[in-house]
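Report on the structure given below.
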Amino acid sequence: MLKLFVFYWCILAAYAVKADFEQFYQSAGEEYLVCDLRVRKFNRTASVLNGTIHVLINANDSVTFSTDIFHSPLGNQQFNHYPVKIPTSGVCTFKDHIHQHYPKVAELIVNLPGPGECPITIRQMYVFDQLFPSDFVPAVTRPGLWKLLIKGFLNDVQALEYYLFVKITANEHSLI
């Protein structure tokens with residue numbers, strides 16, 4: 001029994017991952033939503049996300065978001081399209097899904113509208129020196145650099161575009 005227990009923890013430790021923000025930038029849609037977010041070093045050891053999100057229009061489910069995920073195994077910006085997708089949904093539906101299934105992610109953003117609050121009104125939301133929630137990433141995620149492309153559509157016309165880069169590494173110091 002002890003051997004089985006030790007084997008189990010060794011396997012879990014081998015698959016534990018650590019996720020760090022690398023970069024965030026907005027390439028389109030500043031007339032609707034301005035993400036003044038930046039990734040910076042915190043305490044010389046961790047990368048954190050910090051800044052303000054300015055919502056400039058009232059948004060309901062007519063604003064939809066889709067994602068594409070890319071992976072660079074060597075972290076050298078040579079990305080391969082990854083066949084995993086986060087389902088396309090309206091902004092209110094997506095926000096409610098985050099509140100319901102990923103409450104730790106919802107807690108990262110100050111002044112995020114609550115569950116069931118729709119439309120999202122004009123406001124400012126804040127992210128104060130937040131680490132990437134590593135428990136959000138499945139333990140079997142491959143190491144490397146990951147790029148998440150987020151596209152926003154207003155009445156079926158692309159209006160927003162954001163890029164989020166996250167570095168995934170094996171976490172040798174924790175046993176899940």
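Chain labels A, B, ... are given in the sequence in which chains occur in the structure tokens; within each chain residues are numbered consecutively from 1, and ligands are likewise numbered from 1 in the order shown.
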- Item | Selection: 10 Å around Tyr32 of chain A, only C-alpha atoms, excl. self and same-chain fewer than 5 positions, as a ChimeraX atom specification | /A:54-59,122,154,159-160
With DSSP run on the backbone, what are the helix (DSSP H, G or I) residues within segment 24-129 of chain A? I'd like them as a PDB file with N, CA, C and O atoms, in the first residue's frame.
```
ATOM      1  N   VAL A  91     -20.820  37.686 -24.317  1.00  0.00           N
ATOM      2  CA  VAL A  91     -20.014  38.171 -23.201  1.00  0.00           C
ATOM      3  C   VAL A  91     -20.702  37.920 -21.856  1.00  0.00           C
ATOM      4  O   VAL A  91     -20.042  37.573 -20.876  1.00  0.00           O
ATOM      5  N   CYS A  92     -22.008  38.053 -21.768  1.00  0.00           N
ATOM      6  CA  CYS A  92     -22.714  37.807 -20.500  1.00  0.00           C
ATOM      7  C   CYS A  92     -22.702  36.322 -20.143  1.00  0.00           C
ATOM      8  O   CYS A  92     -22.484  35.954 -18.991  1.00  0.00           O
ATOM      9  N   THR A  93     -22.934  35.475 -21.127  1.00  0.00           N
ATOM     10  CA  THR A  93     -22.892  34.031 -20.898  1.00  0.00           C
ATOM     11  C   THR A  93     -21.499  33.592 -20.471  1.00  0.00           C
ATOM     12  O   THR A  93     -21.345  32.801 -19.542  1.00  0.00           O
ATOM     13  N   PHE A  94     -20.473  34.134 -21.112  1.00  0.00           N
ATOM     14  CA  PHE A  94     -19.099  33.801 -20.770  1.00  0.00           C
ATOM     15  C   PHE A  94     -18.769  34.236 -19.341  1.00  0.00           C
ATOM     16  O   PHE A  94     -18.176  33.498 -18.572  1.00  0.00           O
ATOM     17  N   LYS A  95     -19.167  35.457 -18.981  1.00  0.00           N
ATOM     18  CA  LYS A  95     -18.914  35.975 -17.631  1.00  0.00           C
ATOM     19  C   LYS A  95     -19.607  35.109 -16.581  1.00  0.00           C
ATOM     20  O   LYS A  95     -19.018  34.778 -15.558  1.00  0.00           O
ATOM     21  N   ASP A  96     -20.851  34.709 -16.836  1.00  0.00           N
ATOM     22  CA  ASP A  96     -21.568  33.844 -15.892  1.00  0.00           C
ATOM     23  C   ASP A  96     -20.904  32.477 -15.780  1.00  0.00           C
ATOM     24  O   ASP A  96     -20.847  31.892 -14.694  1.00  0.00           O
ATOM     25  N   HIS A  97     -20.386  31.952 -16.896  1.00  0.00           N
ATOM     26  CA  HIS A  97     -19.671  30.672 -16.883  1.00  0.00           C
ATOM     27  C   HIS A  97     -18.410  30.768 -16.023  1.00  0.00           C
ATOM     28  O   HIS A  97     -18.112  29.857 -15.241  1.00  0.00           O
ATOM     29  N   ILE A  98     -17.679  31.872 -16.152  1.00  0.00           N
ATOM     30  CA  ILE A  98     -16.475  32.082 -15.334  1.00  0.00           C
ATOM     31  C   ILE A  98     -16.848  32.129 -13.851  1.00  0.00           C
ATOM     32  O   ILE A  98     -16.198  31.499 -13.012  1.00  0.00           O
ATOM     33  N   HIS A  99     -17.890  32.875 -13.507  1.00  0.00           N
ATOM     34  CA  HIS A  99     -18.318  32.961 -12.108  1.00  0.00           C
ATOM     35  C   HIS A  99     -18.713  31.593 -11.555  1.00  0.00           C
ATOM     36  O   HIS A  99     -18.396  31.273 -10.417  1.00  0.00           O
ATOM     37  N   GLN A 100     -19.393  30.802 -12.372  1.00  0.00           N
ATOM     38  CA  GLN A 100     -19.892  29.509 -11.904  1.00  0.00           C
ATOM     39  C   GLN A 100     -18.793  28.451 -11.805  1.00  0.00           C
ATOM     40  O   GLN A 100     -18.708  27.737 -10.822  1.00  0.00           O
ATOM     41  N   HIS A 101     -17.941  28.350 -12.827  1.00  0.00           N
ATOM     42  CA  HIS A 101     -16.988  27.248 -12.887  1.00  0.00           C
ATOM     43  C   HIS A 101     -15.569  27.610 -12.465  1.00  0.00           C
ATOM     44  O   HIS A 101     -14.784  26.730 -12.117  1.00  0.00           O
ATOM     45  N   PRO A 103     -14.414  30.402 -10.081  1.00  0.00           N
ATOM     46  CA  PRO A 103     -14.552  31.568  -9.205  1.00  0.00           C
ATOM     47  C   PRO A 103     -13.221  32.235  -8.850  1.00  0.00           C
ATOM     48  O   PRO A 103     -13.178  33.438  -8.638  1.00  0.00           O
ATOM     49  N   LYS A 104     -12.126  31.469  -8.824  1.00  0.00           N
ATOM     50  CA  LYS A 104     -10.820  32.076  -8.533  1.00  0.00           C
ATOM     51  C   LYS A 104     -10.392  33.032  -9.637  1.00  0.00           C
ATOM     52  O   LYS A 104      -9.752  34.045  -9.372  1.00  0.00           O
ATOM     53  N   VAL A 105     -10.749  32.732 -10.872  1.00  0.00           N
ATOM     54  CA  VAL A 105     -10.431  33.623 -11.981  1.00  0.00           C
ATOM     55  C   VAL A 105     -11.290  34.892 -11.878  1.00  0.00           C
ATOM     56  O   VAL A 105     -10.806  36.002 -12.090  1.00  0.00           O
ATOM     57  N   ALA A 106     -12.554  34.743 -11.515  1.00  0.00           N
ATOM     58  CA  ALA A 106     -13.438  35.902 -11.362  1.00  0.00           C
ATOM     59  C   ALA A 106     -12.953  36.814 -10.238  1.00  0.00           C
ATOM     60  O   ALA A 106     -13.120  38.035 -10.308  1.00  0.00           O
ATOM     61  N   GLU A 107     -12.339  36.249  -9.210  1.00  0.00           N
ATOM     62  CA  GLU A 107     -11.843  37.051  -8.091  1.00  0.00           C
ATOM     63  C   GLU A 107     -10.624  37.893  -8.471  1.00  0.00           C
ATOM     64  O   GLU A 107     -10.296  38.849  -7.774  1.00  0.00           O
TER      65      GLU A 107
END
```
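Residues lying within 6 Å of Leu148 of chain A, counting only C-alpha atoms and ignoring same-chain neighbours fewer than 3 positions away, are Asp68, Ile69, Tyr163 and Leu164 of chain A.
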Neighbour list for Val17 of chain A as a CSV table (one decimal) with N, CA and C atoms, in the first residue's frame, cut-off 8 Å, only C-alpha atoms, skip fewer than 5 positions in-chain:
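selection-v7.csv was written with the following content:
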```
chain,number,residue,atom,x,y,z
A,134,SER,N,-2.6,28.9,-11.4
A,134,SER,CA,-2.0,27.7,-12.0
A,134,SER,C,-3.0,26.5,-11.9
A,137,VAL,N,-5.0,25.6,-15.0
A,137,VAL,CA,-4.4,24.9,-16.1
A,137,VAL,C,-4.4,23.4,-15.7
A,139,ALA,N,-3.3,19.6,-15.2
A,139,ALA,CA,-2.0,19.1,-14.8
A,139,ALA,C,-1.2,18.5,-15.9
A,140,VAL,N,-1.9,18.0,-17.0
A,140,VAL,CA,-1.2,17.4,-18.1
A,140,VAL,C,-0.9,18.3,-19.3
A,141,THR,N,-1.0,19.6,-19.0
A,141,THR,CA,-0.7,20.5,-20.1
A,141,THR,C,0.8,20.5,-20.4
A,143,PRO,N,4.4,21.6,-21.4
A,143,PRO,CA,5.2,22.8,-21.2
A,143,PRO,C,5.5,23.5,-22.5
A,168,ILE,N,4.2,27.8,-19.6
A,168,ILE,CA,3.9,26.6,-18.7
A,168,ILE,C,5.2,25.9,-18.5
A,169,THR,N,5.5,25.6,-17.3
A,169,THR,CA,6.7,24.9,-16.9
A,169,THR,C,6.4,23.8,-15.9
A,170,ALA,N,7.2,22.8,-15.9
A,170,ALA,CA,7.0,21.7,-14.9
A,170,ALA,C,7.4,22.3,-13.5
A,171,ASN,N,6.6,22.1,-12.5
A,171,ASN,CA,6.8,22.7,-11.2
A,171,ASN,C,7.4,21.6,-10.3
```
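The spacing separating atom CA of Tyr82 of chain A from atom CA of Thr67 of chain A amounts to 10.9 Å.
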- Task: Choose the residue, out of A:Lys147, A:Arg123, A:Lys85, A:Lys41, that has the smallest atom-to-atom separation from His71 of chain A; count only C-alpha atoms.
- Result: A:Lys147
- Extract the full set of strand (DSSP E) residues from chain A according to DSSP on the backbone, and format it as a count of residues only. 80
- Query: Which neighbours of Ser72 of chain A fall inside 8 Å, counting only C-alpha atoms, when residues of the same chain fewer than 3 positions from it are skipped, and could you give them as a ChimeraX atom specification?
  - Reply: /A:75-80,144-146
Write out the residues from the selection above, keeping C-alpha atoms, as a compact mmCIF listing (two decimals), in the first residue's frame.
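The result, stored in again08.txt:
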```txt
# COMPACT_ATOMS: atom_id res chain seq x y z
CA GLY A 75 9.13 28.78 -26.28
CA ASN A 76 10.76 30.32 -29.36
CA GLN A 77 7.65 31.99 -30.85
CA GLN A 78 7.21 29.23 -33.46
CA PHE A 79 3.59 28.45 -32.74
CA ASN A 80 1.46 25.53 -33.84
CA GLY A 144 6.17 25.65 -23.44
CA LEU A 145 4.81 29.00 -24.47
CA TRP A 146 1.07 29.23 -25.06
```
- Message: Give me the residues near Phe65 of chain A as a ChimeraX atom specification, where near means some atom within 8 Å (using only C-alpha atoms) and where sequence neighbours in that chain fewer than 6 positions away do not count.
- Response: /A:88-91,150-153
- Task: Write out as a VMD selection string each polymer residue whose atoms come within 10 Å of Gln124 of chain A, counting only C-alpha atoms; drop sequence neighbours fewer than 4 positions from it.
- Result: chain A and resid 33 to 35 52 to 56 110 to 112
- Message: Please compute the atom CA of Pro113 of chain A-atom CA of Tyr25 of chain A distance, one decimal, in Å.
- Response: 22.3 Å
